[in-house]
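Colleague: Submitted below is the structure of interest, expressed as structure tokens.
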Amino acid sequence: VLLVLSDPSTAPVLPAELLALLFALSPAEAQLAAALCRGLSPGDHAAKRRVSVGTVRYQLKQVMAKVGVSRQSQLVQRLYSSVIAQALA
């Protein structure tokens, strides 16, 4: 078991464009994934993008399916453990 702790203020920023390429995400899905990694909630992201929470929830389900996880926490973990995150660290 490997436990990695990091300060969220020093965590690498994951560019949406690279997440889209790595996980075959749409631009909107990639922006959501990047926002979640920055600590935004789905509701915060919806407000910022001026879309409904329902739209963001649907996009979140799509992202989780494409990444192969079933929980939001697993999604963020998988994104940060991706090659992109390792390269940016």
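As shown in the structure tokens, the chain order sets the letters A, B, ...; within each chain, residues go from 1, and ligands are also counted from 1 in the order they appear.
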If you count only C-alpha atoms, which residues fall within 7 Å of Val56 in chain A, apart from same-chain ones fewer than 4 positions away, as a list in words?

Modeller: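 Within the cut-off, the hits are Pro42, Ala46, Ser52 and Leu60 of chain A.
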
Colleague: Would you kindly return, as a list in words, each protein, DNA or RNA residue with an atom no farther than 7 Å from any atom of range 67-78 of chain A, considering only C-alpha atoms and excluding same-chain residues fewer than 2 positions away?

Modeller: Phe23, Leu36, Cys37, Val63, Met64, Ala65, Tyr80, Ser81 and Ser82 of chain A

Colleague: Under the rule that only C-alpha atoms are counted, which of A:Ala87, A:Thr55, A:Arg50, A:His45 is the nearest residue to Leu32 in chain A?

Modeller: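 The shortest atom-to-atom distance to Leu32 in chain A comes from A:His45.
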
Colleague: I need the alpha helix (DSSP H) residues of range 5-70 of chain A per DSSP on the backbone, written as a PyMOL selection string.

Modeller: chain A and resi 16-23+27-37+42-49+53-67

Colleague: Let me see the file: selected residues, N, CA and C atoms, as a tab-separated table (two decimals), in the first residue's frame.

Modeller:
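So the final result, stored in selection39.tsv, reads:
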```tsv
chain	number	residue	atom	x	y	z
A	16	ALA	N	-6.66	20.80	-18.89
A	16	ALA	CA	-7.83	20.12	-19.46
A	16	ALA	C	-7.52	19.52	-20.83
A	17	GLU	N	-6.73	20.22	-21.63
A	17	GLU	CA	-6.42	19.73	-22.97
A	17	GLU	C	-5.68	18.40	-22.92
A	18	LEU	N	-4.77	18.27	-21.98
A	18	LEU	CA	-4.01	17.02	-21.87
A	18	LEU	C	-4.88	15.90	-21.29
A	19	LEU	N	-5.75	16.24	-20.36
A	19	LEU	CA	-6.68	15.23	-19.83
A	19	LEU	C	-7.59	14.72	-20.94
A	20	ALA	N	-8.02	15.62	-21.80
A	20	ALA	CA	-8.88	15.23	-22.93
A	20	ALA	C	-8.16	14.23	-23.83
A	21	LEU	N	-6.91	14.49	-24.11
A	21	LEU	CA	-6.14	13.58	-24.97
A	21	LEU	C	-5.89	12.24	-24.31
A	22	LEU	N	-5.53	12.27	-23.05
A	22	LEU	CA	-5.17	11.04	-22.36
A	22	LEU	C	-6.37	10.12	-22.13
A	23	PHE	N	-7.53	10.69	-21.81
A	23	PHE	CA	-8.68	9.88	-21.44
A	23	PHE	C	-9.82	9.94	-22.46
A	27	PRO	N	-14.19	18.35	-24.62
A	27	PRO	CA	-13.66	19.56	-23.95
A	27	PRO	C	-14.40	19.88	-22.65
A	28	ALA	N	-15.72	19.75	-22.64
A	28	ALA	CA	-16.48	20.05	-21.42
A	28	ALA	C	-16.16	19.05	-20.31
A	29	GLU	N	-16.03	17.78	-20.67
A	29	GLU	CA	-15.68	16.75	-19.69
A	29	GLU	C	-14.29	16.99	-19.13
A	30	ALA	N	-13.36	17.37	-19.97
A	30	ALA	CA	-11.99	17.63	-19.53
A	30	ALA	C	-11.93	18.84	-18.60
A	31	GLN	N	-12.70	19.88	-18.91
A	31	GLN	CA	-12.74	21.05	-18.03
A	31	GLN	C	-13.31	20.68	-16.67
A	32	LEU	N	-14.32	19.83	-16.66
A	32	LEU	CA	-14.88	19.37	-15.39
A	32	LEU	C	-13.86	18.57	-14.60
A	33	ALA	N	-13.18	17.66	-15.26
A	33	ALA	CA	-12.17	16.84	-14.58
A	33	ALA	C	-11.07	17.71	-13.98
A	34	ALA	N	-10.61	18.69	-14.74
A	34	ALA	CA	-9.57	19.60	-14.24
A	34	ALA	C	-10.10	20.41	-13.05
A	35	ALA	N	-11.34	20.85	-13.13
A	35	ALA	CA	-11.94	21.63	-12.03
A	35	ALA	C	-12.03	20.80	-10.76
A	36	LEU	N	-12.43	19.54	-10.89
A	36	LEU	CA	-12.51	18.66	-9.72
A	36	LEU	C	-11.13	18.49	-9.09
A	37	CYS	N	-10.11	18.39	-9.93
A	37	CYS	CA	-8.75	18.25	-9.41
A	37	CYS	C	-8.28	19.52	-8.69
A	42	PRO	N	-18.92	19.78	-8.10
A	42	PRO	CA	-19.72	19.84	-9.33
A	42	PRO	C	-20.64	21.06	-9.36
A	43	GLY	N	-21.21	21.42	-8.22
A	43	GLY	CA	-22.07	22.61	-8.16
A	43	GLY	C	-21.32	23.90	-8.44
A	44	ASP	N	-20.11	24.01	-7.88
A	44	ASP	CA	-19.27	25.19	-8.14
A	44	ASP	C	-18.92	25.28	-9.61
A	45	HIS	N	-18.57	24.14	-10.20
A	45	HIS	CA	-18.21	24.11	-11.61
A	45	HIS	C	-19.41	24.50	-12.47
A	46	ALA	N	-20.60	24.01	-12.12
A	46	ALA	CA	-21.81	24.35	-12.88
A	46	ALA	C	-22.06	25.86	-12.83
A	47	ALA	N	-21.93	26.44	-11.66
A	47	ALA	CA	-22.15	27.88	-11.53
A	47	ALA	C	-21.13	28.67	-12.33
A	48	LYS	N	-19.88	28.24	-12.26
A	48	LYS	CA	-18.82	28.95	-12.98
A	48	LYS	C	-19.03	28.87	-14.49
A	49	ARG	N	-19.47	27.72	-14.98
A	49	ARG	CA	-19.67	27.51	-16.42
A	49	ARG	C	-21.06	27.97	-16.89
A	53	VAL	N	-26.67	22.02	-12.85
A	53	VAL	CA	-26.00	20.97	-12.08
A	53	VAL	C	-26.28	19.61	-12.72
A	54	GLY	N	-27.46	19.44	-13.28
A	54	GLY	CA	-27.79	18.19	-13.97
A	54	GLY	C	-26.87	17.92	-15.14
A	55	THR	N	-26.54	18.96	-15.88
A	55	THR	CA	-25.60	18.81	-17.00
A	55	THR	C	-24.24	18.36	-16.49
A	56	VAL	N	-23.77	18.98	-15.42
A	56	VAL	CA	-22.47	18.63	-14.86
A	56	VAL	C	-22.49	17.21	-14.30
A	57	ARG	N	-23.58	16.83	-13.66
A	57	ARG	CA	-23.68	15.45	-13.15
A	57	ARG	C	-23.61	14.43	-14.29
A	58	TYR	N	-24.29	14.74	-15.39
A	58	TYR	CA	-24.23	13.84	-16.55
A	58	TYR	C	-22.80	13.76	-17.09
A	59	GLN	N	-22.14	14.91	-17.20
A	59	GLN	CA	-20.75	14.93	-17.68
A	59	GLN	C	-19.85	14.16	-16.73
A	60	LEU	N	-20.10	14.30	-15.42
A	60	LEU	CA	-19.30	13.58	-14.43
A	60	LEU	C	-19.45	12.07	-14.60
A	61	LYS	N	-20.66	11.61	-14.83
A	61	LYS	CA	-20.87	10.18	-15.07
A	61	LYS	C	-20.12	9.72	-16.31
A	62	GLN	N	-20.13	10.54	-17.35
A	62	GLN	CA	-19.41	10.20	-18.58
A	62	GLN	C	-17.90	10.13	-18.33
A	63	VAL	N	-17.38	11.09	-17.59
A	63	VAL	CA	-15.95	11.12	-17.29
A	63	VAL	C	-15.56	9.89	-16.47
A	64	MET	N	-16.35	9.58	-15.46
A	64	MET	CA	-16.02	8.43	-14.61
A	64	MET	C	-16.06	7.13	-15.42
A	65	ALA	N	-17.00	7.02	-16.33
A	65	ALA	CA	-17.07	5.82	-17.18
A	65	ALA	C	-15.83	5.72	-18.08
A	66	LYS	N	-15.43	6.84	-18.65
A	66	LYS	CA	-14.27	6.84	-19.55
A	66	LYS	C	-12.97	6.55	-18.81
A	67	VAL	N	-12.88	7.03	-17.59
A	67	VAL	CA	-11.66	6.83	-16.79
A	67	VAL	C	-11.68	5.46	-16.10
```
